[in-house]
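A.B. asks: My structure file input_38.cif, mmCIF, C-alpha atoms, is below:
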data_run
#
loop_
_atom_site.label_atom_id
_atom_site.label_comp_id
_atom_site.auth_asym_id
_atom_site.auth_seq_id
_atom_site.Cartn_x
_atom_site.Cartn_y
_atom_site.Cartn_z
CA MET A 1 106.01 78.97 98.37
CA GLN A 2 104.52 82.42 97.76
CA TRP A 3 105.44 85.91 98.88
CA GLY A 4 103.94 86.90 102.20
CA GLU A 5 103.94 85.49 105.70
CA THR A 6 106.13 82.48 104.80
CA PHE A 7 108.72 84.57 102.91
CA ARG A 8 111.21 86.01 105.40
CA PRO A 9 108.76 85.92 108.33
CA ALA A 10 110.82 88.51 110.24
CA TYR A 11 109.31 91.10 107.87
CA ARG A 12 106.05 90.67 109.80
CA ARG A 13 107.73 92.31 112.80
CA LEU A 14 108.80 95.50 111.05
CA GLY A 15 105.79 97.36 112.44
CA ALA A 16 106.96 96.50 115.96
CA VAL A 17 110.44 97.80 115.12
CA ARG A 18 108.93 101.09 114.05
CA GLN A 19 106.90 101.42 117.25
CA THR A 20 110.00 100.71 119.35
CA LEU A 21 111.99 103.36 117.51
CA LEU A 22 109.22 105.91 117.95
CA ALA A 23 108.91 105.12 121.67
CA ASN A 24 112.63 105.61 122.28
CA LYS A 25 113.46 108.60 120.12
CA SER A 26 114.21 112.02 121.60
CA PRO A 27 111.26 114.47 121.54
CA ASP A 28 112.75 116.72 118.84
CA THR A 29 113.60 113.84 116.48
CA LYS A 30 111.50 112.72 113.53
CA ILE A 31 111.60 109.27 111.97
CA ALA A 32 110.66 108.91 108.32
CA ILE A 33 109.46 105.50 107.15
CA ALA A 34 109.62 104.46 103.49
CA ALA A 35 108.63 101.06 102.12
CA PHE A 36 109.49 99.91 98.59
CA THR A 37 108.35 96.91 96.59
CA ALA A 38 108.61 96.04 92.93
CA THR A 39 105.22 94.37 92.63
CA ALA A 40 102.19 94.74 94.90
CA ASN A 41 98.52 94.47 94.01
CA LEU A 42 95.87 96.32 96.01
CA GLN A 43 95.53 93.50 98.54
CA SER A 44 99.29 93.37 99.10
CA GLN A 45 99.35 97.13 99.58
CA ARG A 46 96.70 96.84 102.30
CA ILE A 47 98.73 94.12 104.04
CA LEU A 48 101.86 96.28 103.93
CA ARG A 49 100.04 99.24 105.47
CA SER A 50 98.69 97.00 108.23
CA VAL A 51 101.96 95.18 109.01
CA LEU A 52 104.02 98.40 109.03
CA GLN A 53 101.29 100.18 111.05
CA LEU A 54 101.22 103.11 108.65
CA LYS A 55 98.50 105.62 109.54
CA HIS A 56 98.18 107.99 106.58
CA PRO A 57 100.90 106.96 104.12
CA GLN A 58 101.57 108.67 100.84
CA ILE A 59 101.47 106.02 98.15
CA PHE A 60 103.42 106.36 94.91
CA CYS A 61 102.71 103.68 92.29
CA LEU A 62 104.34 103.30 88.90
CA SER A 63 102.48 101.54 86.13
CA PRO A 64 103.70 97.97 85.52
CA TYR A 65 103.29 98.46 81.76
CA ARG A 66 106.48 97.89 79.78
CA SER A 67 106.06 98.84 76.14
CA ASN A 68 109.05 96.72 75.07
CA LEU A 69 107.74 93.46 76.59
CA SER A 70 105.67 91.31 74.26
CA LEU A 71 103.43 88.90 76.20
CA ASN A 72 102.50 85.54 74.67
CA ILE A 73 100.57 82.52 75.97
CA LYS A 74 100.54 79.23 74.07
CA ILE A 75 98.73 75.96 74.71
CA ALA A 76 100.95 72.89 74.89
CA TRP A 77 98.60 70.02 74.13
CA THR A 78 100.93 67.31 75.47
CA PRO A 79 104.16 67.20 77.51
CA ARG A 80 106.10 66.47 74.31
CA CYS A 81 104.45 69.45 72.62
CA ARG A 82 105.50 71.64 75.57
CA GLN A 83 109.13 70.61 75.08
CA HIS A 84 108.99 71.21 71.31
CA GLN A 85 107.45 74.65 71.72
CA LEU A 86 110.14 75.65 74.22
CA LEU A 87 112.91 74.40 71.93
CA ASN A 88 111.47 76.27 68.94
CA PHE A 89 111.24 79.42 71.05
CA ILE A 90 114.87 79.15 72.23
CA LYS A 91 116.11 78.45 68.68
CA SER A 92 114.38 81.58 67.40
CA LYS A 93 116.37 83.74 69.84
CA ASN A 94 119.74 83.34 68.08
CA ASN A 95 121.83 82.76 71.21
CA ASN A 96 120.48 85.86 72.95
CA SER A 97 120.40 85.85 76.73
CA GLY A 98 117.24 84.60 78.44
CA LEU A 99 115.60 82.87 81.39
CA ILE A 100 113.38 79.80 81.72
CA TYR A 101 111.14 79.59 84.79
CA VAL A 102 109.80 76.37 86.27
CA ARG A 103 107.99 75.78 89.57
CA SER A 104 110.09 73.18 91.37
CA ARG A 105 113.71 72.30 92.06
CA ARG A 106 113.35 68.87 90.45
CA ASP A 107 111.91 70.35 87.25
CA SER A 108 114.75 72.87 87.02
CA GLU A 109 117.33 70.07 87.32
CA GLU A 110 115.62 67.76 84.82
CA LEU A 111 114.91 70.43 82.20
CA SER A 112 118.38 71.98 82.41
CA GLN A 113 120.01 68.54 82.01
CA GLY A 114 117.88 67.84 78.96
CA LEU A 115 118.75 71.17 77.35
CA ALA A 116 122.44 70.82 78.23
CA SER A 117 122.43 67.45 76.44
CA LEU A 118 121.37 69.39 73.32
CA ASN A 119 124.52 71.54 73.71
CA TYR A 120 122.83 74.58 75.21
CA LYS A 121 124.95 76.45 77.73
CA THR A 122 122.69 76.34 80.74
CA THR A 123 122.24 75.03 84.26
CA ALA A 124 119.64 74.78 87.03
CA TYR A 125 119.14 77.39 89.73
CA HIS A 126 117.00 76.94 92.84
CA ALA A 127 116.95 77.56 96.59
CA GLY A 128 118.41 74.12 97.31
CA LEU A 129 121.83 75.14 96.00
CA SER A 130 124.53 76.51 98.27
CA PRO A 131 124.98 80.31 98.34
CA GLN A 132 128.39 79.89 96.69
CA ARG A 133 126.96 77.84 93.83
CA ARG A 134 124.13 80.32 93.30
CA ARG A 135 126.57 83.26 93.11
CA GLU A 136 128.69 81.27 90.64
CA ILE A 137 125.68 80.64 88.38
CA GLU A 138 124.57 84.27 88.57
CA ASN A 139 128.02 85.50 87.57
CA LYS A 140 128.34 83.03 84.69
CA TRP A 141 124.93 84.13 83.40
CA LEU A 142 125.83 87.81 83.74
CA GLU A 143 129.08 87.14 81.87
CA GLU A 144 127.12 85.17 79.22
CA ILE A 145 128.99 81.94 79.84
CA TYR A 146 125.48 80.55 80.27
CA GLN A 147 123.03 81.64 77.57
CA PHE A 148 120.12 81.07 79.93
CA VAL A 149 119.33 79.61 83.35
CA VAL A 150 116.51 77.18 84.14
CA CYS A 151 115.31 78.54 87.44
CA THR A 152 112.63 78.65 90.10
CA SER A 153 111.29 81.85 91.63
CA ALA A 154 114.42 81.84 93.84
CA PHE A 155 116.30 83.44 90.93
CA GLY A 156 116.31 87.15 90.31
CA LEU A 157 116.33 89.04 93.62
CA GLY A 158 118.96 91.76 93.35
CA ILE A 159 120.19 90.63 89.93
CA ASN A 160 120.18 93.13 87.08
CA LYS A 161 121.09 92.06 83.54
CA PRO A 162 119.91 94.67 81.02
CA ASN A 163 120.08 92.62 77.81
CA VAL A 164 117.75 89.70 78.64
CA ARG A 165 115.94 89.33 75.31
CA TRP A 166 113.46 86.60 76.29
CA VAL A 167 111.77 85.04 79.31
CA ALA A 168 109.99 81.69 79.05
CA HIS A 169 107.65 80.14 81.57
CA PHE A 170 107.85 76.42 80.93
CA GLN A 171 105.25 76.05 83.68
CA VAL A 172 102.53 78.42 84.83
CA PRO A 173 103.26 80.57 87.92
CA PHE A 174 100.84 80.21 90.83
CA LEU A 175 100.34 83.95 91.31
CA LEU A 176 100.02 86.89 88.95
CA SER A 177 102.53 88.83 91.07
CA GLU A 178 105.09 86.04 90.52
CA TYR A 179 104.48 86.21 86.79
CA LEU A 180 104.91 90.00 86.65
CA GLN A 181 108.10 89.83 88.73
CA GLU A 182 109.59 87.15 86.52
CA ILE A 183 108.82 88.66 83.12
CA GLY A 184 110.19 91.91 84.55
CA ARG A 185 113.68 90.39 84.46
CA GLY A 186 113.60 90.85 80.69
CA GLY A 187 114.30 93.93 78.58
CA ARG A 188 115.64 96.23 81.26
CA ASP A 189 117.63 98.08 78.61
CA GLY A 190 114.33 99.15 77.01
CA LYS A 191 114.82 97.06 73.89
CA LYS A 192 112.25 94.66 72.46
CA THR A 193 111.91 91.48 74.51
CA GLU A 194 109.60 88.50 74.05
CA THR A 195 107.97 86.45 76.79
CA LEU A 196 106.29 83.07 76.42
CA THR A 197 104.15 81.12 78.87
CA LEU A 198 103.25 77.52 78.04
CA ILE A 199 99.99 76.20 79.45
CA SER A 200 98.15 72.88 79.38
CA GLU A 201 94.94 72.68 77.38
CA PRO A 202 92.01 73.78 79.59
CA THR A 203 90.32 70.39 80.11
CA GLY A 204 93.47 68.68 81.35
CA TRP A 205 92.53 65.47 79.54
CA LEU A 206 95.65 65.37 77.36
CA ASP A 207 97.98 66.97 79.91
CA SER A 208 96.88 67.58 83.49
CA SER A 209 100.26 68.83 84.72
CA ASP A 210 99.14 72.44 85.27
CA GLN A 211 96.14 71.29 87.29
CA GLN A 212 98.29 68.90 89.29
CA ARG A 213 100.80 71.62 90.15
CA GLN A 214 98.01 73.97 91.25
CA SER A 215 96.50 71.22 93.39
CA PHE A 216 99.91 70.48 94.93
CA PHE A 217 100.42 74.16 95.70
CA ILE A 218 97.12 74.34 97.61
CA LYS A 219 97.88 71.06 99.40
CA GLN A 220 101.22 72.48 100.54
CA ILE A 221 99.45 75.47 102.06
CA HIS A 222 97.09 73.13 103.94
CA LYS A 223 100.05 71.03 105.06
CA GLN A 224 101.82 74.10 106.38
CA TYR A 225 98.81 75.08 108.46
CA GLN A 226 98.43 71.50 109.71
CA GLN A 227 102.03 71.59 110.91
CA ALA A 228 101.38 74.96 112.52
CA ARG A 229 98.36 73.58 114.41
CA TYR A 230 100.39 70.58 115.58
CA HIS A 231 103.23 72.70 116.98
CA LEU A 232 100.96 75.44 118.29
CA LYS A 233 100.21 73.53 121.50
CA LYS A 234 103.94 73.66 122.34
CA ILE A 235 104.14 77.45 122.00
CA PRO A 236 103.80 79.41 125.26
CA GLN A 237 101.08 82.06 125.48
CA GLN A 238 103.75 84.72 125.65
CA GLY A 239 107.47 84.58 125.06
CA GLU A 240 110.64 85.30 123.13
CA ILE A 241 110.60 84.88 119.35
CA GLN A 242 114.20 83.62 119.13
CA ALA A 243 113.49 80.83 121.62
CA ILE A 244 110.53 79.64 119.52
CA ALA A 245 112.63 79.77 116.34
CA GLN A 246 115.35 77.62 117.95
CA ASN A 247 113.18 75.05 119.73
CA ILE A 248 110.18 74.47 117.42
CA PRO A 249 110.44 73.37 113.76
CA GLN A 250 109.45 76.33 111.56
CA GLY A 251 108.58 78.20 114.76
CA GLU A 252 109.18 81.64 113.30
CA ILE A 253 106.96 80.86 110.31
CA ILE A 254 104.21 79.61 112.63
CA LEU A 255 104.33 82.91 114.56
CA SER A 256 104.18 84.77 111.26
CA LEU A 257 101.14 82.75 110.12
CA LEU A 258 99.40 83.46 113.45
CA HIS A 259 100.08 87.17 113.06
CA SER A 260 98.74 87.19 109.51
CA ARG A 261 95.47 85.67 110.76
CA GLY A 262 95.12 88.14 113.64
CA LYS A 263 95.87 85.51 116.30
CA LEU A 264 99.09 87.06 117.63
CA GLU A 265 100.54 90.47 118.45
CA TRP A 266 104.15 91.59 118.67
CA LEU A 267 104.97 93.14 122.04
CA ASP A 268 108.22 94.43 120.56
CA PRO A 269 110.58 93.17 117.82
CA PHE A 270 111.68 90.26 120.03
CA HIS A 271 108.58 89.18 121.98
CA TYR A 272 105.04 88.04 121.15
CA ARG A 273 101.69 87.31 122.80
CA LEU A 274 99.09 84.83 121.54
CA ASN A 275 95.49 85.94 121.30
CA SER A 276 94.16 82.59 120.07
CA ARG A 277 95.34 79.03 119.42
CA SER A 278 93.15 78.40 116.37
CA ILE A 279 94.61 78.82 112.89
CA SER A 280 93.38 78.04 109.39
CA PRO A 281 94.31 79.25 105.90
CA ASN A 282 92.41 82.02 104.16
CA LEU A 283 90.91 79.76 101.50
CA LYS A 284 88.94 82.56 99.88
CA ARG A 285 92.08 84.62 99.28
CA ILE A 286 93.96 81.59 97.95
CA GLN A 287 91.13 80.77 95.54
CA GLN A 288 90.87 84.37 94.37
CA ALA A 289 94.60 84.47 93.62
CA SER A 290 94.38 81.18 91.73
CA ASN A 291 91.36 82.33 89.72
CA GLN A 292 93.05 85.62 88.83
CA MET A 293 95.99 83.77 87.29
CA LYS A 294 93.64 81.49 85.36
CA GLN A 295 91.65 84.44 84.03
CA TYR A 296 94.82 86.12 82.80
CA LEU A 297 95.85 83.01 80.89
CA ILE A 298 92.52 82.62 79.07
CA THR A 299 91.55 86.26 78.53
CA ARG A 300 90.97 87.35 74.95
CA HIS A 301 91.54 91.01 75.78
CA CYS A 302 94.83 92.87 75.86
CA ARG A 303 97.08 91.15 78.38
CA TRP A 304 98.64 94.40 79.54
CA GLN A 305 95.16 95.81 80.09
CA PHE A 306 94.42 92.82 82.36
CA LEU A 307 97.64 93.40 84.33
CA LEU A 308 96.93 97.11 84.73
CA ASN A 309 93.50 96.33 86.18
CA ALA A 310 94.87 93.60 88.44
CA PHE A 311 97.46 95.91 89.98
CA GLY A 312 95.17 98.84 90.64
CA PHE A 313 95.59 100.98 87.51
CA GLN A 314 91.94 100.98 86.46
CA GLN A 315 92.02 104.46 84.93
CA GLU A 316 95.00 103.66 82.74
CA ALA A 317 93.40 100.35 81.75
CA LYS A 318 90.27 101.94 80.26
CA LYS A 319 90.29 101.34 76.52
CA PHE A 320 93.97 100.37 76.77
CA TYR A 321 95.39 98.09 74.08
CA CYS A 322 99.16 97.57 73.91
CA GLY A 323 99.09 96.41 70.29
CA HIS A 324 101.92 93.91 70.74
CA CYS A 325 100.71 91.09 73.02
CA ASP A 326 99.44 87.91 71.37
CA ASN A 327 95.77 88.90 71.85
CA CYS A 328 96.20 92.39 70.41
CA ARG A 329 97.91 90.93 67.37
CA ARG A 330 95.38 88.10 67.00
CA TYR A 331 92.23 90.17 67.41
CA LYS A 332 93.63 93.36 65.80
CA TYR A 333 93.03 95.56 68.84
CA ASN A 334 94.27 99.09 68.35
#
Could you show the structure in this file as structure tokens?

C.D. replies:
Amino acid sequence: MQWGETFRPAYRRLGAVRQTLLANKSPDTKIAIAAFTATANLQSQRILRSVLQLKHPQIFCLSPYRSNLSLNIKIAWTPRCRQHQLLNFIKSKNNNSGLIYVRSRRDSEELSQGLASLNYKTTAYHAGLSPQRRREIENKWLEEIYQFVVCTSAFGLGINKPNVRWVAHFQVPFLLSEYLQEIGRGGRDGKKTETLTLISEPTGWLDSSDQQRQSFFIKQIHKQYQQARYHLKKIPQQGEIQAIAQNIPQGEIILSLLHSRGKLEWLDPFHYRLNSRSISPNLKRIQQASNQMKQYLITRHCRWQFLLNAFGFQQEAKKFYCGHCDNCRRYKYN
């Protein structure tokens, strides 16, 4: 799923931890709070301030622009065309280290098996693997035993490999923040690095896979809220978070979803109180996020300019042209 209330739901309680620390500190003691994130658009920043209960925070933002990352989007007219374009891209990289991102565990397994059959040193990486297997894959990639890994968004947290020369998205990410995180794995040594995202043609007549994945993503969100509504009647009005997590399937996530929709408050880091038993997804926010990703893929303007605007750097984005994304090269922006 996506970053937010379903990703490590305990993060939603960090504001309650802070309040508990402040309530129990000695009078002459100060507590400094610092929050760090690699990628957060303006909406995510507002959520962080709310969850952490920050009153007047100082905000320090670094531009996401990376002058050594070349951004490229290509239409794959058919599934076979998508495979050929990926193969041509990999072949052009002369055995340099890279990453291929897909959106599901099954796709990572199938694509890695297909590429391994062509004698590429690769494997699949996803959240369904054991921790030991994941560490083994990470180490083999870092040691360049694997040239590249075919991975889901589960790959990358805490991993730093400076010489990643290319990042390919075989399938379109659901969110722009996912995309920026994933291309950010490349070129950390500052040297030139190429990224490629393959997309279905806009109508979906020849290949509707992108549209199907987007539809599935939205259906999964609805399904999650349906499950939350079903289990909600079993949740006491007030109680202990650990007991809910142990006795109700996805109980901790349900509490997190309720908190995100303003239906629940944390009494402290370990206890909650319900304010309402109604819950529904924020469809407007979901649609906005989906539309933002679509607009990025079809824009004819500088892609880095689009990303700067999307992540709150409007001043820097004015008349900005990177000169090295596919649009800048195609339309001769300078």

A.B. asks: So, counting all atoms listed in the file, which residue among A:Asp210, A:Asp189, A:Glu194, A:Glu240 is closest to A:Val172?

C.D. replies: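 Checking each of A:Asp210, A:Asp189, A:Glu194, A:Glu240 against A:Val172, counting all atoms listed in the file, the winner is A:Asp210.
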
A.B. asks: Could you tell me which residues the PyMOL selection byres ((chain A and resi 79) around 9) grabs in this file, written as a list of chain:residue names?

C.D. replies: A:Ala76, A:Trp77, A:Thr78, A:Arg80, A:Cys81, A:Arg82, A:Gln83, A:His84, A:Ser200, A:Leu206, A:Asp207, A:Ser209

A.B. asks: Can you write just those residues out, C-alpha atoms, as a JSON list (two decimals), in the coordinates of the input?

C.D. replies:
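Heads up, here's the output in result-v7.json:
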[["chain", "number", "residue", "atom", "x", "y", "z"],
["A", 76, "ALA", "CA", 100.95, 72.89, 74.89],
["A", 77, "TRP", "CA", 98.60, 70.02, 74.13],
["A", 78, "THR", "CA", 100.93, 67.31, 75.47],
["A", 80, "ARG", "CA", 106.10, 66.47, 74.31],
["A", 81, "CYS", "CA", 104.45, 69.45, 72.62],
["A", 82, "ARG", "CA", 105.50, 71.64, 75.57],
["A", 83, "GLN", "CA", 109.13, 70.61, 75.08],
["A", 84, "HIS", "CA", 108.99, 71.21, 71.31],
["A", 200, "SER", "CA", 98.15, 72.88, 79.38],
["A", 206, "LEU", "CA", 95.65, 65.37, 77.36],
["A", 207, "ASP", "CA", 97.98, 66.97, 79.91],
["A", 209, "SER", "CA", 100.26, 68.83, 84.72]]

A.B. asks: Kindly indicate which residue among A:His259, A:Arg8, A:His126, A:Lys191 lies nearest to A:Leu274, using only C-alpha atoms for the distances.

C.D. replies: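 Ranking A:His259, A:Arg8, A:His126, A:Lys191 by distance to A:Leu274, first place goes to A:His259.
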
A.B. asks: Could you check the closest approach to A:Leu129 for each of A:Asn94, A:Thr193, A:Asn327, A:Thr152 and tell me which residue wins, using all atoms listed in the file?

C.D. replies: A:Thr152

A.B. asks: Nearest residue to A:Tyr296 out of A:Leu62, A:Phe217, A:Ile73, A:Pro236, using all atoms listed in the file?

C.D. replies: A:Ile73

A.B. asks: Atom CA of A:Ala35 and atom CA of A:Leu54, how far apart in Å?

C.D. replies: 10.1 Å

A.B. asks: From the set A:Ser276, A:Ser63, A:Gln214, A:Gln305, which residue has the shortest atom-to-atom contact distance to A:Arg229, counting all atoms listed in the file?

C.D. replies: A:Ser276

A.B. asks: Restricting the calculation to all atoms listed in the file, which member of A:Asn309, A:Asn72, A:Ser26, A:Ser153 is positioned closest to A:Leu196?

C.D. replies: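 The closest residue to A:Leu196 is A:Asn72.
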
A.B. asks: If I take atom CA of A:Leu42 and atom CA of A:Leu297, how far is one from the other in Å, to one decimal?

C.D. replies: 20.1 Å

A.B. asks: How far is it from atom CA of A:Tyr321 to atom CA of A:His301, in Å with one decimal?

C.D. replies: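 For atom CA of A:Tyr321 relative to atom CA of A:His301, the distance reads 8.2 Å.
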
A.B. asks: Quick one: residues within 9 Å of A:Lys121, all atoms listed in the file counted, chain neighbours fewer than 4 positions away excluded, as a ChimeraX atom specification?

C.D. replies: /A:115-116,145-149

A.B. asks: Got a sec to resolve the PyMOL selection byres ((chain A and resi 317) around 12) on this structure and send the residues as a PyMOL selection string?

C.D. replies: chain A and resi 63-65+301-316+318-322

A.B. asks: For the point (117.5, 78.5, 80.2) in file coordinates, what residues are within 9 Å, counting all atoms listed in the file? Give the answer as a VMD selection string?

C.D. replies: chain A and resid 90 97 to 101 111 to 112 115 120 to 124 146 to 151 167 to 168
